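Here is the structure we will look at.
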Amino acid sequence: MHHLTRIAAGLAVAGCITHAPAAWAQAPEAFSRYGCDGCHTVSAYGIGTAPTADAGGPPDLSDVGTRRDAAFIQGFLKKQVALDGRKHMLRFPGSDAELSALAGWLVTLDRPPAPAP
Ligand code: HEC
């Protein structure tokens, strides 16, 4: 199930990422509302004030779209699939539609994390 990734890539290539579905525009707000930013920074996009991840800590998600697809992210956030033998610390408390929008946004993130301040 890679079609969301392909849609995102197609939008980016077409240069019309600003016309992404409206739900995606709310994804950064949901990221904060559901407390994702309590553990994760998205430093390249100016999200989160936690210190840049130490080894073994919650990863910075600035380039998560280069290593995960939407299907994995949704399954992982529902604690249905594991990463390196571990399930995600938090089970996503919102709706499937919100999780789908969040995952659709996360897979577009592809910038190198900002250097630690
Ligand atoms: C209590 C801390 C905590 C919270 C809150 C949290 N996470 Fe995580 N998250 C982690 C940790 C720790 C990992 C690394 C998992 C591992 O390596 O086993 C992780 C991993 C991830 C990954 C995979 C990253 C990668 O490099 O592949 C994604 C995507 C993710 N989280 C998204 C979210 C989203 C979206 C939310 C909000 C709904 C959220 N997280 C809330 C701790 C947290």
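Please note that chains go A, B, ... in the order of the structure tokens, that every chain numbers its residues from 1, and that ligands are numbered from 1 in the order shown.
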_Nearby residues (only C-alpha atoms) at most 7 Å from His40 in chain A, same-chain spacing under 5 positions excluded, as an MDAnalysis selection string_ = chainID A and resid 48 58:61
_Using only C-alpha atoms and all ligand atoms, which residues have at least one atom no more than 10 Å from ligand 1? Output them as an MDAnalysis selection string._
chainID A and resid 27:28 30:41 53 55:70 72:78 82:94 98:99 102:103 105:107
Saved selection, atoms kept: C-alpha atoms, as a PDB file, in the first residue's frame:
```pdb
ATOM      1  CA  ALA A  27      -1.906  17.769  10.238  1.00  0.00           C
ATOM      2  CA  PRO A  28       0.727  19.917  11.981  1.00  0.00           C
ATOM      3  CA  ALA A  30      -3.086  17.603  15.064  1.00  0.00           C
ATOM      4  CA  PHE A  31       0.562  16.698  15.654  1.00  0.00           C
ATOM      5  CA  SER A  32       0.603  19.243  18.457  1.00  0.00           C
ATOM      6  CA  ARG A  33      -2.942  18.560  19.728  1.00  0.00           C
ATOM      7  CA  TYR A  34      -2.227  14.848  20.174  1.00  0.00           C
ATOM      8  CA  GLY A  35       1.034  15.541  21.959  1.00  0.00           C
ATOM      9  CA  CYS A  36       3.327  14.111  19.295  1.00  0.00           C
ATOM     10  CA  ASP A  37       5.510  17.175  19.778  1.00  0.00           C
ATOM     11  CA  GLY A  38       5.955  16.256  23.440  1.00  0.00           C
ATOM     12  CA  CYS A  39       8.337  13.531  22.289  1.00  0.00           C
ATOM     13  CA  HIS A  40       9.197  14.311  18.645  1.00  0.00           C
ATOM     14  CA  THR A  41      10.751  17.347  17.031  1.00  0.00           C
ATOM     15  CA  ALA A  53      16.824  13.323  19.800  1.00  0.00           C
ATOM     16  CA  ALA A  55      20.512   8.083  20.475  1.00  0.00           C
ATOM     17  CA  GLY A  56      17.668   5.821  21.530  1.00  0.00           C
ATOM     18  CA  GLY A  57      15.225   8.662  22.180  1.00  0.00           C
ATOM     19  CA  PRO A  58      12.194   9.590  20.091  1.00  0.00           C
ATOM     20  CA  PRO A  59      13.490  10.379  16.591  1.00  0.00           C
ATOM     21  CA  ASP A  60      13.246  13.769  14.909  1.00  0.00           C
ATOM     22  CA  LEU A  61      10.698  13.356  12.110  1.00  0.00           C
ATOM     23  CA  SER A  62      12.055  15.975   9.645  1.00  0.00           C
ATOM     24  CA  ASP A  63      12.941  13.280   7.108  1.00  0.00           C
ATOM     25  CA  VAL A  64      10.591  10.480   8.196  1.00  0.00           C
ATOM     26  CA  GLY A  65       9.054  10.461   4.681  1.00  0.00           C
ATOM     27  CA  THR A  66      12.359   9.206   3.280  1.00  0.00           C
ATOM     28  CA  ARG A  67      12.200   6.033   5.387  1.00  0.00           C
ATOM     29  CA  ARG A  68       8.523   5.197   6.090  1.00  0.00           C
ATOM     30  CA  ASP A  69       5.322   4.957   4.083  1.00  0.00           C
ATOM     31  CA  ALA A  70       1.807   5.917   5.155  1.00  0.00           C
ATOM     32  CA  PHE A  72       3.494   1.624   8.033  1.00  0.00           C
ATOM     33  CA  ILE A  73       2.970   4.857   9.975  1.00  0.00           C
ATOM     34  CA  GLN A  74      -0.750   4.174  10.443  1.00  0.00           C
ATOM     35  CA  GLY A  75      -0.168   0.585  11.556  1.00  0.00           C
ATOM     36  CA  PHE A  76       2.661   1.638  13.852  1.00  0.00           C
ATOM     37  CA  LEU A  77       0.614   4.402  15.463  1.00  0.00           C
ATOM     38  CA  LYS A  78      -2.209   1.899  16.061  1.00  0.00           C
ATOM     39  CA  ALA A  82       6.476  -2.993  15.440  1.00  0.00           C
ATOM     40  CA  LEU A  83       9.667  -1.162  14.555  1.00  0.00           C
ATOM     41  CA  ASP A  84      12.845  -3.067  15.437  1.00  0.00           C
ATOM     42  CA  GLY A  85      10.716  -5.361  17.602  1.00  0.00           C
ATOM     43  CA  ARG A  86       9.114  -2.518  19.558  1.00  0.00           C
ATOM     44  CA  LYS A  87       5.651  -1.029  19.268  1.00  0.00           C
ATOM     45  CA  HIS A  88       5.123   2.730  19.382  1.00  0.00           C
ATOM     46  CA  MET A  89       4.920   4.229  22.869  1.00  0.00           C
ATOM     47  CA  LEU A  90       1.617   5.974  22.216  1.00  0.00           C
ATOM     48  CA  ARG A  91      -1.503   4.472  20.637  1.00  0.00           C
ATOM     49  CA  PHE A  92      -3.008   7.212  18.452  1.00  0.00           C
ATOM     50  CA  PRO A  93      -6.102   8.461  20.327  1.00  0.00           C
ATOM     51  CA  GLY A  94      -7.844  10.211  17.417  1.00  0.00           C
ATOM     52  CA  GLU A  98      -7.057  12.088  11.449  1.00  0.00           C
ATOM     53  CA  LEU A  99      -4.417   9.369  11.532  1.00  0.00           C
ATOM     54  CA  LEU A 102      -1.249  12.799   9.803  1.00  0.00           C
ATOM     55  CA  ALA A 103       0.430   9.917   7.990  1.00  0.00           C
ATOM     56  CA  TRP A 105       1.590  14.657   5.897  1.00  0.00           C
ATOM     57  CA  LEU A 106       4.435  12.799   7.609  1.00  0.00           C
ATOM     58  CA  VAL A 107       5.374  10.956   4.394  1.00  0.00           C
TER      59      VAL A 107
END
```
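The closest residue to Gly104 in chain A, picked from A:Val81, A:Glu29, A:Ala71, A:Tyr45 and counting only C-alpha atoms, is A:Ala71.
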When DSSP works through the backbone of this structure, what residues of range 27-80 of chain A end up as alpha helix (DSSP H), shown as a PDB file with C-alpha atoms, in the first residue's frame?
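File produced: part31.pdb:
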```pdb
ATOM      1  CA  ALA A  27      -1.906  17.769  10.238  1.00  0.00           C
ATOM      2  CA  PRO A  28       0.727  19.917  11.981  1.00  0.00           C
ATOM      3  CA  GLU A  29      -2.005  21.184  14.308  1.00  0.00           C
ATOM      4  CA  ALA A  30      -3.086  17.603  15.064  1.00  0.00           C
ATOM      5  CA  PHE A  31       0.562  16.698  15.654  1.00  0.00           C
ATOM      6  CA  SER A  32       0.603  19.243  18.457  1.00  0.00           C
ATOM      7  CA  ARG A  33      -2.942  18.560  19.728  1.00  0.00           C
ATOM      8  CA  ALA A  70       1.807   5.917   5.155  1.00  0.00           C
ATOM      9  CA  ALA A  71       0.625   2.337   5.658  1.00  0.00           C
ATOM     10  CA  PHE A  72       3.494   1.624   8.033  1.00  0.00           C
ATOM     11  CA  ILE A  73       2.970   4.857   9.975  1.00  0.00           C
ATOM     12  CA  GLN A  74      -0.750   4.174  10.443  1.00  0.00           C
ATOM     13  CA  GLY A  75      -0.168   0.585  11.556  1.00  0.00           C
ATOM     14  CA  PHE A  76       2.661   1.638  13.852  1.00  0.00           C
ATOM     15  CA  LEU A  77       0.614   4.402  15.463  1.00  0.00           C
TER      16      LEU A  77
END
```
